[in-house]
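Peer 1: Following this message is one structure expressed as structure tokens.
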Amino acid sequence: MKKYTLSLASVVALVVLIAGCTLNQPEATMHVASADVNLSTVSLPGATVLAFGPENVLFVGDSKGATVHAIATEGIALEDPVPFNMPGLDRTIASMLGLNVTDIMINDMKIHPASQEAYVAVQRGLQPGAESVIAIVSPTSGDIRFLDFSETDHQTVTLANPASEEVMLWGDMPASTLNITDIDYHDGHLYVAGLTNGEFASNLRKIPYPFDGSQSAVGSIEIYHAVHTQNETRAPIRTMLFDEVDGVSTLLASYTCTPLVTIPTSEVAEGNDVKGKTIAELGFGNAPSDMISFMTQEPDGSFDKKILITHKQRSGSLISMKDLAAANAGDGLKGMTMGPAGVEIFPVPTSSVMHIDNQNQMMLTVIRRNIDTGGADLISQLKGAYFRLSDFVSEYDFPDYAYPEEQAGTKQFHDMVKPMEGYPHLTSDQMNR
Amino acid sequence: MGMLRVWIAWVLIWTGLMACQPTRDGVHVRVQGGMVYLDNWTPSYDVIADDDRVKLYVWDEEHQAPNKPAVAGKLVATGNGAFAFAPIFPLDKHTSYLLTIDEPPSSFQHLIERSSEPRVRPVVTHIYPSRDSLPENLLRMYIQFSQPMKTIGNLERIRIIDDEGLEVSHAIFNNVHELWNADQTQLTLLFDPARVKTGLDAHEHYGRALRAGRTYTIEVDGLEDVYGAAMDGSFRKSIHVTTEDRDPPSTDRWALDIPEAGSHSPFVVRFPDTIDRLSLLSRLKLTMENSTSVPGEVRVNKDETAWMFIPENPWKKGTYVLHVNARLEDPAGNNLNGLFDHEAGSLLYEEEGVRIPLPFAIED
């Protein structure tokens, strides 16, 4: 009897065990959908500089491969100005890529013209064969995804061969590499500026887009370098921009140590030995990093077009297009100056900015180096302000501060900016002052 | 006795249930072929599309914490009820990772430690030009490393120190982009051309960085390879600086050692002075008279005063052409077209990079 009872217990236990095990089995094999992002659809051999072109095409210049990619992008138009507030963007991207922050390089950032998303060129790893990705950061959600090339139009053009007999003869020069310093699209053409390793020679190419297999090289660009008091042809353009100056399409180019030069776009053509006009010297001991243009509203309500050039060593140079056009109407700089000179320059506090672009009518997007944390922060700033209120602790920030009447304008500005910088709880309404 | 029976039955049932609970303690994490396999893991839940309960994080060794967000990737079934985490990007053997399985109320964590193989520290293997005696208008040097190096932030770690122990500042041109070769083993140092050239304001104000008659030390210290291994101690090379070199290279003064047909002897071009090494490797080319290339190997002698071509096949009788690109330079940047520091209009050819053919005959 006892034996029987035990056996019964065993059977019950076994049934429960089997039933339990069955219940605990995962259902078949369910996992992620098939159209997956994978390594081969998001990696490029290199991504050094970015530019957007017509119909939201993204140009990616690759120094290592001496190539430019043209990749179709899509983006739902974002009408509202939604700011970026992402400290430590470099660390976030590195973590997603499976690397420590010291093992990636952020090479460039541009804003998608429709979606206002930040497209960030990132090299994954530092070794010679390291590939790159384009990380796309949404201002609305803060989500980051990687640009997937598998289902988009993708054209590539190689820059290494200036299509001459010389190349056939010498072959490629393995000891020498091209550094693409900037790319820009203008009126049917992509312009690519760069320099080669080991040879102090500048390089400007003009490539029709859509790519048709042709490309041309501008003979040379001669500029007057006031700090050096000489005409120069070898120094490479560091950053450039096409814009209308007095109704004339013009290439604005800035060089290291730091001439600002204008060249009518019509003169930038194959074989032409172009003479640039040095209209300003932005200051010695400095390399410019980015150049953008935008409209701002002046205190009197009028609108003014501005050129903003950010620098590696100096404050940003903000120049009114009116002043630039006036300087351009003259003969250009002559003689010696250490700068700034040649045009009225309003210095703006952008010295830690690594990359800058227009985000919308109201805001600029910057990636800047945070000198306290060492991180690269992705943030938005107001045009006209060029700084973040939350970077500073000032008189206004103390809890017992009350805005007097004559500070009404400041109060209004603070109340607008604080929510934008991620501090909606610190506005005067919220603080009762 | 009834109580005993119930107890035994209970124990048996419980033990049985335990046996098929997810054996988290028994999970064996294995990295293979770009996947992180979770051997012996039986999920306690239904695995679904976009399942995010298994995560992989970069492990921050300094703060002993996972870096967030998680590594991009997904959980995949590998068959027979087994699972693996598939990161989009390959894991790096020099990085540690933390794998976590979130199965409330408990969770599983496993540290995937980075490779413990000792890192080989990078060293400077050579500085070109190789000579210890160089002109004060030196334009360019190349630093050769033993392995691929990080390509940013290095110019601050390379110093030029004079014979009184003082650092010479603003000697090297810093144009944001450092000038590395494609495999990241050779860095070009360009002496600021505005100081090298005469007549320029920077030259007038500051003079050349190097002064004739003095001795300088190039110190390379603390540079890191691509994985963060730093140089063990600094590398120093001393150079004695001579008066400026205003003597551009000229093919008229080159001597050719022409081998005999049928031999494997090198064809040698000897230069009276040092030639820039990059120029030697890229600005000279040997072909047959009809422009067909000659298979063989190029070598440069140890003080960059000779270019040697060793043919793959024995030399044949006939006319050969040594093509010289006029951009071929000496270490002061003087090329076959004239001085780096030339007067306007004084160059030999209007165009840079003109090709100069030097034909020669190989005979029996």
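We name chains A, B, ... following the order of the structure tokens; residues begin at 1 in each chain, and ligands are numbered from 1 as shown.
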Near Ile144 in chain A, counting only C-alpha atoms, which residues have an atom at most 12 Å away, once you skip same-chain residues fewer than 2 positions from it, shown as a PyMOL selection string?

Peer 2: (chain A and resi 86+89-90+92-97+117-120+133-142+146-147) or (chain B and resi 69-72)

Peer 1: Those same residues, written as a compact mmCIF listing (two decimals), in the first residue's frame with N, CA and C atoms?

Peer 2:
```
# COMPACT_ATOMS: atom_id res chain seq x y z
N MET A 86 21.76 66.59 -26.29
CA MET A 86 22.34 65.27 -26.10
C MET A 86 23.81 65.34 -25.69
N LEU A 89 27.26 62.63 -26.94
CA LEU A 89 26.84 61.92 -28.15
C LEU A 89 27.89 60.89 -28.58
N ASP A 90 29.16 61.24 -28.44
CA ASP A 90 30.23 60.34 -28.88
C ASP A 90 30.20 59.02 -28.10
N THR A 92 27.58 57.75 -26.55
CA THR A 92 26.35 57.02 -26.89
C THR A 92 26.53 56.24 -28.18
N ILE A 93 27.08 56.92 -29.19
CA ILE A 93 27.26 56.23 -30.47
C ILE A 93 28.28 55.11 -30.32
N ALA A 94 29.37 55.38 -29.61
CA ALA A 94 30.40 54.34 -29.42
C ALA A 94 29.79 53.11 -28.76
N SER A 95 28.95 53.32 -27.74
CA SER A 95 28.35 52.19 -27.03
C SER A 95 27.51 51.34 -27.98
N MET A 96 26.75 51.99 -28.83
CA MET A 96 25.93 51.24 -29.79
C MET A 96 26.78 50.49 -30.79
N LEU A 97 27.94 51.06 -31.10
CA LEU A 97 28.85 50.41 -32.05
C LEU A 97 29.70 49.33 -31.39
N GLU A 117 17.02 65.92 -38.81
CA GLU A 117 17.84 64.94 -38.08
C GLU A 117 19.31 65.26 -38.31
N ALA A 118 20.14 64.93 -37.31
CA ALA A 118 21.58 65.15 -37.44
C ALA A 118 22.21 63.89 -38.04
N TYR A 119 22.89 64.06 -39.18
CA TYR A 119 23.63 62.97 -39.81
C TYR A 119 25.09 63.11 -39.38
N VAL A 120 25.59 62.10 -38.68
CA VAL A 120 26.92 62.19 -38.08
C VAL A 120 27.82 61.13 -38.69
N VAL A 133 30.29 54.66 -40.34
CA VAL A 133 28.83 54.62 -40.41
C VAL A 133 28.32 56.06 -40.38
N ILE A 134 27.09 56.23 -40.83
CA ILE A 134 26.42 57.51 -40.68
C ILE A 134 25.34 57.29 -39.62
N ALA A 135 25.54 57.88 -38.45
CA ALA A 135 24.55 57.78 -37.38
C ALA A 135 23.54 58.90 -37.58
N ILE A 136 22.26 58.58 -37.46
CA ILE A 136 21.21 59.57 -37.66
C ILE A 136 20.52 59.79 -36.32
N VAL A 137 20.56 61.03 -35.84
CA VAL A 137 20.01 61.34 -34.53
C VAL A 137 18.73 62.16 -34.71
N SER A 138 17.66 61.69 -34.10
CA SER A 138 16.38 62.39 -34.21
C SER A 138 16.27 63.46 -33.12
N PRO A 139 15.90 64.70 -33.50
CA PRO A 139 15.74 65.72 -32.46
C PRO A 139 14.48 65.49 -31.63
N THR A 140 13.49 64.82 -32.22
CA THR A 140 12.21 64.65 -31.50
C THR A 140 12.27 63.53 -30.48
N SER A 141 12.90 62.38 -30.86
CA SER A 141 12.92 61.25 -29.94
C SER A 141 14.27 61.05 -29.27
N GLY A 142 15.32 61.62 -29.84
CA GLY A 142 16.67 61.35 -29.33
C GLY A 142 17.20 60.00 -29.77
N PHE A 146 21.29 53.89 -37.77
CA PHE A 146 22.39 53.99 -38.72
C PHE A 146 21.83 54.01 -40.14
N LEU A 147 22.37 54.88 -40.97
CA LEU A 147 21.90 54.99 -42.35
C LEU A 147 22.12 53.66 -43.05
N PRO B 69 23.81 53.49 -24.33
CA PRO B 69 22.89 52.36 -24.52
C PRO B 69 23.61 51.07 -24.91
N ALA B 70 22.82 50.01 -25.10
CA ALA B 70 23.38 48.70 -25.41
C ALA B 70 23.95 48.68 -26.82
N VAL B 71 24.80 47.71 -27.06
CA VAL B 71 25.38 47.50 -28.38
C VAL B 71 24.23 47.16 -29.35
N ALA B 72 24.28 47.78 -30.55
CA ALA B 72 23.24 47.51 -31.54
C ALA B 72 23.31 46.05 -31.97
```

Peer 1: Just want the 8 Å neighbourhood of Phe271 in chain B, counted on only C-alpha atoms, with same-chain residues fewer than 6 positions away dropped. Output as a VMD selection string.

Peer 2: chain B and resid 253 to 255 305 to 306

Peer 1: Export, as a compact mmCIF listing (two decimals), in the first residue's frame, the selected residues with N, CA and C atoms.

Peer 2:
```txt
# COMPACT_ATOMS: atom_id res chain seq x y z
N ARG B 253 73.34 66.06 -63.14
CA ARG B 253 74.38 65.62 -62.19
C ARG B 253 74.12 64.22 -61.65
N TRP B 254 73.19 63.51 -62.24
CA TRP B 254 72.92 62.16 -61.78
C TRP B 254 73.82 61.18 -62.52
N ALA B 255 74.29 60.18 -61.82
CA ALA B 255 75.11 59.13 -62.44
C ALA B 255 74.28 57.86 -62.54
N THR B 305 70.39 58.53 -51.30
CA THR B 305 71.17 59.15 -52.37
C THR B 305 71.25 58.24 -53.59
N ALA B 306 70.53 57.12 -53.57
CA ALA B 306 70.53 56.24 -54.74
C ALA B 306 69.19 55.54 -54.86
```

Peer 1: May I ask which of the residues A:His112, A:Lys334, A:Lys418, A:Arg433 is the closest one to Pro399 in chain A, counting only C-alpha atoms?

Peer 2: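 So, comparing all the options, the nearest one is A:Arg433.
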
Peer 1: Give the helix (DSSP H, G or I) residues of range 107-241 of chain B, as assigned by DSSP on the backbone, as a ChimeraX atom specification.

Peer 2: /B:155-157,193-196,201-206

Peer 1: Counting only C-alpha atoms, which residue out of A:Tyr396, A:Tyr255, A:Phe149, A:Phe346 sits closest to chain B?

Peer 2: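 Closest to chain B of all the choices is A:Tyr255.
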
Peer 1: Measure the distance from CA of Leu389 in chain A to CA of Pro404 in chain A in Å and round it to one decimal.

Peer 2: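 Here the two named atoms are 19.0 Å from each other.
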
Peer 1: Nearest to chain B: which of A:Glu281, A:Asp143, A:Glu244, A:Glu151 is it, counting only C-alpha atoms?

Peer 2: A:Asp143

Peer 1: For Phe211 in chain A, work out the shell of residues within 12 Å, counting only C-alpha atoms and skipping chain neighbours fewer than 5 positions away, then give it as a PyMOL selection string.

Peer 2: chain A and resi 59+68-71+154-158+188-190+206

Peer 1: If DSSP is run on the backbone, what residues of range 254-320 of chain A are strand (DSSP E)? A reply as an MDAnalysis selection string would be ideal.

Peer 2: chainID A and resid 254:255 259:264 273:275 277:281 288:297 303:311 316:320

Peer 1: For each of A:Tyr209, A:Phe392, A:Phe398, A:Phe284, take the minimum atom-to-atom distance to chain B, counting only C-alpha atoms, then give the residue where this is smallest.

Peer 2: A:Phe284

Peer 1: Set the distance at 9 Å and use only C-alpha atoms: which residues neighbour Pro347 in chain A once local chain neighbours fewer than 6 positions away are removed? I'd like the list as a list in words.

Peer 2: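 My reading of the contact set: Arg314, Ser315, Gly316, Ser317, Leu318 and Ile319 of chain A.
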
Peer 1: Quick one: residues within 12 Å of Asn370 in chain A, only C-alpha atoms counted, chain neighbours fewer than 5 positions away excluded, as a list in words?

Peer 2: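 Those residues are Met86, Pro87, Gly88, Leu89, Asp90, Thr350, Ser351, Ser352, Val353, Met354, Gly375, Ala376, Asp377, Leu378, Ile379 and Asp391 of chain A.
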
Peer 1: Report the distance between CA of Gln381 in chain A and CA of Asn358 in chain A in Å, rounded to one decimal place.

Peer 2: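 Computing the Euclidean distance for CA of Gln381 in chain A and CA of Asn358 in chain A yields 9.9 Å.
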
Peer 1: Would you work out the distance separating CA of Thr427 in chain A from CA of Val82 in chain A, expressed in Å to one decimal?

Peer 2: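 Computing it gives 17.8 Å between the two atoms.
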
Peer 1: Could you name the residues that touch range 51-66 of chain B at 8 Å or less, counting only C-alpha atoms, but leaving out those on the same chain fewer than 3 positions away, as a PyMOL selection string?

Peer 2: (chain A and resi 31-32+95+98-100) or (chain B and resi 47-48+69-71+74-75+85+95-103+111)

Peer 1: Quick one: of A:Pro81, A:Gly330, A:Gly194, A:Pro113, who's nearest to chain B, counting only C-alpha atoms?

Peer 2: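 So, comparing all the options, the nearest one is A:Gly194.
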
Peer 1: Excluding same-chain residues fewer than 6 positions from Thr125 in chain B, what lies within 8 Å of it counting only C-alpha atoms, as a list in words?

Peer 2: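 Residues near the query, excluding close chain neighbours: Ile143, Gln144, Phe145 and Ser146 of chain B.
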
Peer 1: When you count only C-alpha atoms, which of these residues is closest to chain A: B:Ala194, B:Val124, B:Leu139, B:Ala261?

Peer 2: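 For chain A, the nearest of the given residues is B:Ala194.
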